[in-house]
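input.cif (mmCIF, C-alpha atoms and all ligand atoms)
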data_protein
loop_
_atom_site.label_atom_id
_atom_site.label_comp_id
_atom_site.auth_asym_id
_atom_site.auth_seq_id
_atom_site.Cartn_x
_atom_site.Cartn_y
_atom_site.Cartn_z
CA MET M 1 -15.94 -15.65 -2.95
CA SER M 2 -13.85 -12.86 -4.44
CA LEU M 3 -10.51 -11.75 -3.05
CA ILE M 4 -9.97 -8.01 -2.80
CA VAL M 5 -6.73 -6.15 -2.07
CA GLN M 6 -7.21 -2.64 -0.65
CA LYS M 7 -4.27 -0.28 -0.08
CA PHE M 8 -4.47 2.86 2.07
CA GLY M 9 -1.63 5.38 1.91
CA GLY M 10 -0.17 7.61 4.60
CA THR M 11 -2.69 10.35 3.88
CA SER M 12 -5.58 7.93 4.49
CA VAL M 13 -4.28 6.54 7.79
CA ALA M 14 -2.83 9.79 9.17
CA ASP M 15 -4.73 9.78 12.48
CA THR M 16 -7.21 7.71 14.50
CA LYS M 17 -10.24 9.47 13.03
CA LYS M 18 -9.04 8.60 9.52
CA LEU M 19 -8.32 5.02 10.58
CA PHE M 20 -12.00 4.74 11.55
CA ILE M 21 -12.96 5.90 8.04
CA VAL M 22 -10.57 3.28 6.63
CA THR M 23 -12.39 0.58 8.63
CA GLU M 24 -15.63 1.69 6.91
CA ARG M 25 -14.04 1.19 3.46
CA ILE M 26 -12.76 -2.23 4.53
CA LEU M 27 -16.06 -3.39 6.02
CA GLU M 28 -18.03 -2.25 2.94
CA GLU M 29 -16.08 -4.85 0.95
CA TYR M 30 -15.85 -7.47 3.70
CA ASN M 31 -19.63 -7.39 4.18
CA LYS M 32 -20.10 -8.24 0.49
CA ASN M 33 -18.73 -11.63 1.54
CA SER M 34 -15.27 -11.00 0.08
CA LYS M 35 -11.88 -12.09 1.35
CA ILE M 36 -9.96 -8.93 2.23
CA VAL M 37 -6.23 -8.20 2.28
CA VAL M 38 -5.40 -4.64 3.33
CA VAL M 39 -2.02 -2.95 2.76
CA VAL M 40 -1.18 0.17 4.72
CA SER M 41 1.54 2.81 4.82
CA ALA M 42 3.02 4.69 7.75
CA GLN M 43 0.75 7.35 9.26
CA GLY M 44 0.95 10.81 7.68
CA LYS M 45 4.52 12.08 7.39
CA LEU M 46 6.00 9.57 9.85
CA THR M 47 8.50 8.16 7.33
CA ASP M 48 9.78 11.70 6.63
CA THR M 49 10.15 12.27 10.38
CA LEU M 50 12.15 9.05 10.78
CA ILE M 51 14.49 10.09 7.97
CA LYS M 52 14.91 13.55 9.50
CA GLU M 53 15.79 12.00 12.84
CA GLU M 54 18.20 9.59 11.16
CA LEU M 55 20.01 12.56 9.59
CA GLU M 56 20.42 14.08 13.07
CA ILE M 57 22.38 10.95 13.97
CA THR M 58 24.38 10.36 10.80
CA LYS M 59 24.62 11.74 7.28
CA THR M 60 25.87 8.33 6.08
CA PRO M 61 23.59 5.68 7.58
CA VAL M 62 24.44 2.06 6.82
CA SER M 63 21.74 1.06 4.34
CA ARG M 64 20.77 -2.05 6.34
CA GLU M 65 20.03 0.05 9.43
CA HIS M 66 18.26 2.71 7.35
CA ASP M 67 15.74 0.07 6.27
CA VAL M 68 15.32 -1.25 9.83
CA LEU M 69 14.43 2.30 10.87
CA VAL M 70 12.17 3.49 8.03
CA SER M 71 10.17 0.26 7.94
CA THR M 72 8.94 0.84 11.52
CA GLY M 73 6.21 3.33 10.57
CA GLU M 74 4.09 0.68 8.84
CA GLN M 75 4.30 -1.59 11.91
CA ILE M 76 2.41 1.00 13.94
CA THR M 77 -0.37 1.29 11.34
CA VAL M 78 -0.99 -2.46 10.93
CA ALA M 79 -1.26 -2.91 14.68
CA LYS M 80 -3.65 0.03 15.17
CA LEU M 81 -5.89 -0.91 12.25
CA SER M 82 -6.06 -4.53 13.32
CA MET M 83 -6.97 -3.48 16.88
CA LEU M 84 -9.66 -1.11 15.61
CA LEU M 85 -11.29 -3.85 13.55
CA GLN M 86 -11.07 -6.30 16.43
CA ASP M 87 -12.67 -3.75 18.71
CA LEU M 88 -15.53 -3.39 16.22
CA GLY M 89 -16.05 -7.15 16.53
CA TYR M 90 -14.24 -8.31 13.38
CA ASN M 91 -11.50 -10.88 13.11
CA ALA M 92 -8.36 -9.14 11.86
CA ILE M 93 -4.67 -10.00 11.95
CA SER M 94 -1.61 -7.87 11.22
CA TYR M 95 1.51 -8.99 9.34
CA LEU M 96 4.91 -7.41 8.78
CA GLY M 97 6.79 -8.22 5.59
CA TRP M 98 9.10 -10.77 7.23
CA GLN M 99 6.23 -12.65 8.84
CA ILE M 100 4.55 -13.50 5.53
CA PRO M 101 7.30 -13.49 4.14
CA ILE M 102 7.61 -11.03 1.27
CA ILE M 103 10.99 -11.92 -0.26
CA THR M 104 13.01 -9.21 -1.97
CA ASN M 105 16.46 -8.81 -3.48
CA ASN M 106 19.29 -7.22 -1.45
CA CYS M 107 18.89 -3.67 -2.72
CA PHE M 108 18.31 -1.85 0.60
CA GLY M 109 16.19 1.29 0.19
CA ASN M 110 14.95 0.31 -3.26
CA ALA M 111 14.39 -3.44 -3.18
CA ASP M 112 12.33 -5.43 -5.69
CA ILE M 113 9.86 -8.10 -4.59
CA LEU M 114 10.94 -11.52 -5.87
CA ASN M 115 8.34 -13.75 -4.23
CA ILE M 116 5.51 -13.76 -1.70
CA GLN M 117 4.75 -16.94 0.20
CA THR M 118 0.97 -16.74 0.37
CA ALA M 119 0.17 -19.81 2.53
CA ASN M 120 -0.07 -17.87 5.81
CA ILE M 121 -2.37 -15.23 4.34
CA GLU M 122 -4.54 -17.79 2.55
CA LYS M 123 -5.01 -19.76 5.77
CA LYS M 124 -6.14 -16.66 7.67
CA LEU M 125 -8.47 -15.60 4.84
CA ALA M 126 -10.03 -19.08 4.85
CA GLU M 127 -10.69 -18.60 8.58
CA GLY M 128 -12.63 -15.40 7.70
CA LYS M 129 -9.94 -13.04 8.99
CA ILE M 130 -9.23 -9.62 7.52
CA VAL M 131 -5.48 -9.65 6.80
CA ILE M 132 -3.63 -6.36 7.34
CA VAL M 133 -0.16 -6.21 5.73
CA ALA M 134 2.56 -3.62 6.28
CA GLY M 135 3.41 -1.99 2.95
CA PHE M 136 6.85 -0.86 1.77
CA GLN M 137 8.84 -3.71 3.36
CA GLY M 138 10.18 -7.18 2.80
CA ILE M 139 13.03 -9.45 3.76
CA ASN M 140 16.05 -10.57 1.74
CA GLU M 141 17.39 -14.11 1.58
CA LYS M 142 19.68 -13.40 4.56
CA GLY M 143 16.66 -12.50 6.70
CA GLU M 144 17.39 -8.76 6.69
CA ILE M 145 14.62 -6.17 6.45
CA THR M 146 14.47 -4.30 3.15
CA THR M 147 12.30 -1.43 1.89
CA LEU M 148 10.95 -0.85 -1.59
CA GLY M 149 11.62 2.86 -2.16
CA ARG M 150 9.57 5.90 -1.14
CA GLY M 151 5.89 5.39 -1.93
CA GLY M 152 6.54 1.65 -2.15
CA SER M 153 3.39 0.46 -0.36
CA ASP M 154 1.62 0.75 -3.73
CA THR M 155 4.03 -1.88 -5.02
CA THR M 156 3.34 -4.17 -2.03
CA ALA M 157 -0.36 -3.98 -2.91
CA VAL M 158 0.17 -4.84 -6.58
CA ALA M 159 2.53 -7.71 -5.70
CA LEU M 160 0.01 -9.16 -3.23
CA ALA M 161 -2.72 -8.90 -5.88
CA VAL M 162 -0.45 -10.80 -8.30
CA PHE M 163 0.64 -13.57 -5.92
CA LEU M 164 -2.83 -14.02 -4.39
CA HIS M 165 -4.57 -13.89 -7.80
CA ALA M 166 -6.85 -11.17 -6.44
CA ASP M 167 -10.09 -10.36 -8.22
CA LYS M 168 -9.77 -6.62 -7.54
CA LEU M 169 -7.10 -4.18 -6.43
CA TYR M 170 -8.07 -0.81 -5.00
CA ILE M 171 -5.52 1.89 -4.16
CA TYR M 172 -7.27 4.41 -1.90
CA THR M 173 -5.76 7.85 -1.48
CA ASP M 174 -6.65 11.48 -0.69
CA VAL M 175 -7.71 12.42 -4.23
CA ASP M 176 -10.61 10.84 -6.15
CA GLY M 177 -8.52 9.43 -8.98
CA VAL M 178 -5.71 10.11 -11.41
CA TYR M 179 -5.72 13.55 -13.02
CA SER M 180 -3.91 15.06 -16.02
CA GLU M 181 -1.81 17.00 -13.45
CA ASP M 182 -1.57 17.12 -9.67
CA PRO M 183 -5.10 18.37 -8.74
CA ASN M 184 -3.71 19.91 -5.54
CA ILE M 185 -1.51 22.18 -7.68
CA ASN M 186 -3.70 22.76 -10.77
CA LYS M 187 -7.41 23.07 -9.94
CA ASN M 188 -8.19 22.78 -13.69
CA ALA M 189 -6.55 19.37 -14.01
CA LYS M 190 -8.84 16.83 -15.70
CA LYS M 191 -9.79 13.58 -13.99
CA TYR M 192 -9.40 10.37 -15.98
CA ASP M 193 -12.06 7.65 -15.70
CA GLU M 194 -9.48 5.28 -17.13
CA ILE M 195 -5.87 5.48 -18.18
CA SER M 196 -3.43 3.05 -19.84
CA TYR M 197 -0.49 1.56 -17.97
CA ASP M 198 1.92 3.33 -20.34
CA LYS M 199 0.40 6.79 -19.85
CA MET M 200 0.29 6.23 -16.06
CA LEU M 201 3.89 5.02 -16.10
CA GLU M 202 4.97 8.12 -17.98
CA MET M 203 3.18 10.30 -15.41
CA ALA M 204 4.62 8.37 -12.45
CA ASN M 205 8.13 8.60 -13.93
CA ASN M 206 7.58 12.35 -14.24
CA GLY M 207 6.78 12.61 -10.54
CA ALA M 208 3.01 11.99 -10.25
CA LYS M 209 3.30 10.28 -6.88
CA VAL M 210 -0.35 9.18 -6.85
CA LEU M 211 1.08 5.79 -7.90
CA HIS M 212 4.61 4.49 -7.30
CA ASN M 213 6.27 4.03 -10.72
CA LYS M 214 7.42 0.49 -9.86
CA CYS M 215 3.87 -0.52 -9.00
CA VAL M 216 2.60 0.59 -12.39
CA GLN M 217 5.35 -1.32 -14.20
CA TYR M 218 4.61 -4.39 -12.09
CA ALA M 219 0.85 -4.13 -12.71
CA LYS M 220 1.49 -3.80 -16.45
CA GLU M 221 3.79 -6.83 -16.56
CA ASN M 222 1.18 -8.93 -14.75
CA ASN M 223 -1.90 -7.36 -16.35
CA ILE M 224 -3.44 -6.38 -13.00
CA PRO M 225 -5.97 -3.53 -13.29
CA ILE M 226 -5.64 -0.91 -10.53
CA ILE M 227 -8.59 1.16 -9.32
CA VAL M 228 -7.40 4.43 -7.76
CA LYS M 229 -10.07 6.06 -5.62
CA SER M 230 -10.64 8.31 -2.65
CA THR M 231 -10.83 7.01 0.90
CA PHE M 232 -13.01 9.95 1.88
CA GLU M 233 -15.24 10.81 -1.12
CA PRO M 234 -17.64 8.58 -3.06
CA GLY M 235 -16.94 7.89 -6.74
CA ASN M 236 -15.60 5.29 -9.12
CA GLY M 237 -12.07 6.69 -9.23
CA THR M 238 -9.74 5.88 -12.12
CA LEU M 239 -9.16 2.49 -13.69
CA VAL M 240 -5.51 1.97 -14.66
CA HIS M 241 -5.35 -0.88 -17.17
P1 LIG M 301 -0.86 8.16 -0.39
O1 LIG M 301 -0.59 8.70 0.97
O2 LIG M 301 -2.27 7.69 -0.55
O3 LIG M 301 0.15 7.16 -0.87
P2 LIG M 301 0.40 10.15 -2.09
O4 LIG M 301 0.64 11.45 -1.40
O5 LIG M 301 1.55 9.25 -2.31
O6 LIG M 301 -0.81 9.42 -1.36
O7 LIG M 301 -0.28 10.42 -3.52
C1 LIG M 301 -1.46 11.18 -3.62
C2 LIG M 301 -1.11 12.59 -4.05
O8 LIG M 301 -0.56 12.53 -5.35
C3 LIG M 301 -2.28 13.52 -4.19
O9 LIG M 301 -2.60 14.14 -2.96
C4 LIG M 301 -1.82 14.50 -5.24
O10 LIG M 301 -1.40 15.73 -4.67
C5 LIG M 301 -0.59 13.84 -5.85
N1 LIG M 301 -0.61 13.78 -7.32
C6 LIG M 301 0.45 14.12 -8.09
N2 LIG M 301 0.14 14.00 -9.38
C7 LIG M 301 -1.13 13.54 -9.45
C8 LIG M 301 -2.01 13.21 -10.53
N3 LIG M 301 -1.62 13.31 -11.80
N4 LIG M 301 -3.25 12.76 -10.22
C9 LIG M 301 -3.66 12.65 -8.94
N5 LIG M 301 -2.86 12.96 -7.87
C10 LIG M 301 -1.62 13.40 -8.12
N1 LIG M 302 5.84 5.00 4.22
C1 LIG M 302 6.58 4.91 2.99
C2 LIG M 302 6.90 6.29 2.45
O1 LIG M 302 6.51 7.28 3.05
C3 LIG M 302 5.90 4.05 1.95
C4 LIG M 302 4.60 4.58 1.41
O2 LIG M 302 4.04 5.53 1.95
O3 LIG M 302 4.12 4.02 0.41
O4 LIG M 302 7.56 6.40 1.46
MG MG M 303 1.80 7.18 -2.08
#
Could you write out this structure as structure tokens?
Amino acid sequence: MSLIVQKFGGTSVADTKKLFIVTERILEEYNKNSKIVVVVSAQGKLTDTLIKEELEITKTPVSREHDVLVSTGEQITVAKLSMLLQDLGYNAISYLGWQIPIITNNCFGNADILNIQTANIEKKLAEGKIVIVAGFQGINEKGEITTLGRGGSDTTAVALAVFLHADKLYIYTDVDGVYSEDPNINKNAKKYDEISYDKMLEMANNGAKVLHNKCVQYAKENNIPIIVKSTFEPGNGTLVH
């Protein structure tokens, strides 16, 4: 039985209608008799809204409290997606970073994942449950919530694929793969069927937010291929390897 990690970004989970489409992508894989771990981001621009509201309160937030605040968006998505799947008759369970736990260093706002204790997830997968994990967040050794940097749910997905020895990692987004340039800015950008880690890393470091730069580095170090594809359109996407 293969183990698949699927990650859906903020653009893919932006509203309830899109969450329904996400359940279709999940069930396509689940119904192939695979074990499924799903990573999700906050809905739409919710993280931006939280940061805007934070700035109305203070220009100098304590970094610990900043992470407590900005990590909340993902909690909403895991709960909603888990409920949707349950309502469709499937066994799903949501997890926040601290419940797994996903252990990070102390660098609030830009933490690195040090370890993931996989026993909880493995037990639920063995029971046939679809496991829904909040991206972007972890917990440090003092038990404080940390976040991984903007766009960091991609990194959660890669780290879960590494620690769970996943057979496949899909990062679903609102474009059908990685392009030579942002396809929403340059309509003539060329889509890659495949791309090397180094080229992808260079693009991510230059601001191509389709993948978080840390996630590409992490995938390279652990030799985890990433398939970037659209949540909404058919197609093979781009293989980053
Ligand atoms: P998600 O919500 O799925 O995490 P992001 O907004 O973080 O999605 O990343 C997807 C966006 O990345 C696309 O909508 C696209 O505008 C942008 N993008 C920037 N550079 C590229 C590129 N080279 N290839 C594909 N998408 C790119
Ligand atoms: N919600 C977080 C952000 O907006 C993480 C992510 O989307 O990957 O940066
Ligand atoms: Mg993103």
Kindly work out which residues sit at most 6 Å from ligand LIG 301 (chain M), using all atoms listed in the file, and give the list as an NGL selection string.
-> :M and (8-11 or 151 or 173-175 or 177-184 or 208-210)
Give me the residues within 12 Å of Val162 (chain M) as an NGL selection string, counting all atoms listed in the file and dropping any in the same chain fewer than 3 places off.
-> :M and (3-5 or 113-118 or 155-159 or 165-169 or 215 or 218-226)
Would you pick out the contacts of region 132-145 of chain M at 8 Å or less, using all atoms listed in the file, so that residues sharing its chain but fewer than 3 positions from it are not included, and give the list as a PDB file with C-alpha atoms, in the frame of the given file?
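Heads up, here's the output in around27.pdb:
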ATOM      1  CA  VAL M  37      -6.230  -8.200   2.280  1.00  0.00           C
ATOM      2  CA  VAL M  38      -5.400  -4.640   3.330  1.00  0.00           C
ATOM      3  CA  VAL M  39      -2.020  -2.950   2.760  1.00  0.00           C
ATOM      4  CA  VAL M  40      -1.180   0.170   4.720  1.00  0.00           C
ATOM      5  CA  SER M  41       1.540   2.810   4.820  1.00  0.00           C
ATOM      6  CA  ARG M  64      20.770  -2.050   6.340  1.00  0.00           C
ATOM      7  CA  ASP M  67      15.740   0.070   6.270  1.00  0.00           C
ATOM      8  CA  VAL M  68      15.320  -1.250   9.830  1.00  0.00           C
ATOM      9  CA  SER M  71      10.170   0.260   7.940  1.00  0.00           C
ATOM     10  CA  GLU M  74       4.090   0.680   8.840  1.00  0.00           C
ATOM     11  CA  GLN M  75       4.300  -1.590  11.910  1.00  0.00           C
ATOM     12  CA  THR M  77      -0.370   1.290  11.340  1.00  0.00           C
ATOM     13  CA  VAL M  78      -0.990  -2.460  10.930  1.00  0.00           C
ATOM     14  CA  LEU M  81      -5.890  -0.910  12.250  1.00  0.00           C
ATOM     15  CA  SER M  82      -6.060  -4.530  13.320  1.00  0.00           C
ATOM     16  CA  ALA M  92      -8.360  -9.140  11.860  1.00  0.00           C
ATOM     17  CA  ILE M  93      -4.670 -10.000  11.950  1.00  0.00           C
ATOM     18  CA  SER M  94      -1.610  -7.870  11.220  1.00  0.00           C
ATOM     19  CA  TYR M  95       1.510  -8.990   9.340  1.00  0.00           C
ATOM     20  CA  LEU M  96       4.910  -7.410   8.780  1.00  0.00           C
ATOM     21  CA  GLY M  97       6.790  -8.220   5.590  1.00  0.00           C
ATOM     22  CA  TRP M  98       9.100 -10.770   7.230  1.00  0.00           C
ATOM     23  CA  PRO M 101       7.300 -13.490   4.140  1.00  0.00           C
ATOM     24  CA  ILE M 102       7.610 -11.030   1.270  1.00  0.00           C
ATOM     25  CA  ILE M 103      10.990 -11.920  -0.260  1.00  0.00           C
ATOM     26  CA  THR M 104      13.010  -9.210  -1.970  1.00  0.00           C
ATOM     27  CA  ASN M 105      16.460  -8.810  -3.480  1.00  0.00           C
ATOM     28  CA  ASN M 106      19.290  -7.220  -1.450  1.00  0.00           C
ATOM     29  CA  ILE M 113       9.860  -8.100  -4.590  1.00  0.00           C
ATOM     30  CA  LEU M 148      10.950  -0.850  -1.590  1.00  0.00           C
ATOM     31  CA  GLY M 149      11.620   2.860  -2.160  1.00  0.00           C
ATOM     32  CA  ARG M 150       9.570   5.900  -1.140  1.00  0.00           C
ATOM     33  CA  GLY M 151       5.890   5.390  -1.930  1.00  0.00           C
ATOM     34  CA  GLY M 152       6.540   1.650  -2.150  1.00  0.00           C
ATOM     35  CA  SER M 153       3.390   0.460  -0.360  1.00  0.00           C
ATOM     36  CA  ASP M 154       1.620   0.750  -3.730  1.00  0.00           C
ATOM     37  CA  THR M 155       4.030  -1.880  -5.020  1.00  0.00           C
ATOM     38  CA  THR M 156       3.340  -4.170  -2.030  1.00  0.00           C
ATOM     39  CA  ALA M 157      -0.360  -3.980  -2.910  1.00  0.00           C
TER      40      ALA M 157
END
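Taking CA of Asp87 (chain M) as the reference point, CA of Asp15 (chain M) is found at 16.9 Å.
Here CA of Gly237 (chain M) is placed at a distance of 9.6 Å from CA of Ile171 (chain M).
With distances taken over only C-alpha atoms and all ligand atoms, M:Ser12 is the one residue among M:Ser2, M:Ser12, M:Thr58, M:Ser196 lying closest to ligand MG 303 (chain M).
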To one decimal in Å, tell me the separation between CA of Lys52 (chain M) and CA of Glu65 (chain M).
-> 14.4 Å
Rank nothing, just name the residue among M:Gln86, M:Asn91, M:Asn110, M:Gln99 nearest to ligand LIG 302 (chain M), using all atoms listed in the file.
-> M:Asn110
Judged by all atoms listed in the file, the minimum distance to Phe20 (chain M) among M:His241, M:Cys107, M:Ala119, M:Thr231 is found for M:Thr231
Dump as CSV the rows for residues of region 67-166 of chain M within 12 Å of region 29-35 of chain M: closest atom pair and distance in Å with one decimal, all atoms listed in the file counted, ordered by chain and rising residue number.
residue,atom,partner,partner_atom,distance
M:Leu85,CA,M:Tyr30,CA,11.4
M:Tyr90,CA,M:Tyr30,CA,9.8
M:Asn91,CA,M:Tyr30,CA,10.9
M:Ala92,CA,M:Tyr30,CA,11.2
M:Ile121,CA,M:Lys35,CA,10.5
M:Glu122,CA,M:Lys35,CA,9.4
M:Lys123,CA,M:Lys35,CA,11.2
M:Lys124,CA,M:Lys35,CA,9.7
M:Leu125,CA,M:Lys35,CA,6.0
M:Ala126,CA,M:Lys35,CA,8.0
M:Glu127,CA,M:Lys35,CA,9.8
M:Gly128,CA,M:Lys35,CA,7.2
M:Lys129,CA,M:Lys35,CA,7.9
M:Ile130,CA,M:Lys35,CA,7.2
M:Val131,CA,M:Lys35,CA,8.8
M:Ile132,CA,M:Lys35,CA,11.7
M:Leu164,CA,M:Lys35,CA,10.9
M:His165,CA,M:Lys35,CA,11.8
M:Ala166,CA,M:Lys35,CA,9.3
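Nearest residue to ligand MG 303 (chain M), choosing from M:Gly44, M:Gly109, M:Lys17, M:Glu202 and counting all atoms listed in the file: M:Gly44.
Distance annotation: of M:Leu239, M:Val70, M:Val62, M:Ala161, the residue with the minimal separation from ligand LIG 302 (chain M) is M:Val70; atom set is all atoms listed in the file.
Between ligand LIG 302 (chain M) and the candidates M:Ser63, M:Ile21, M:Asn213, M:Asn186, the tightest atom-to-atom separation, counting only C-alpha atoms and all ligand atoms, involves M:Asn213.
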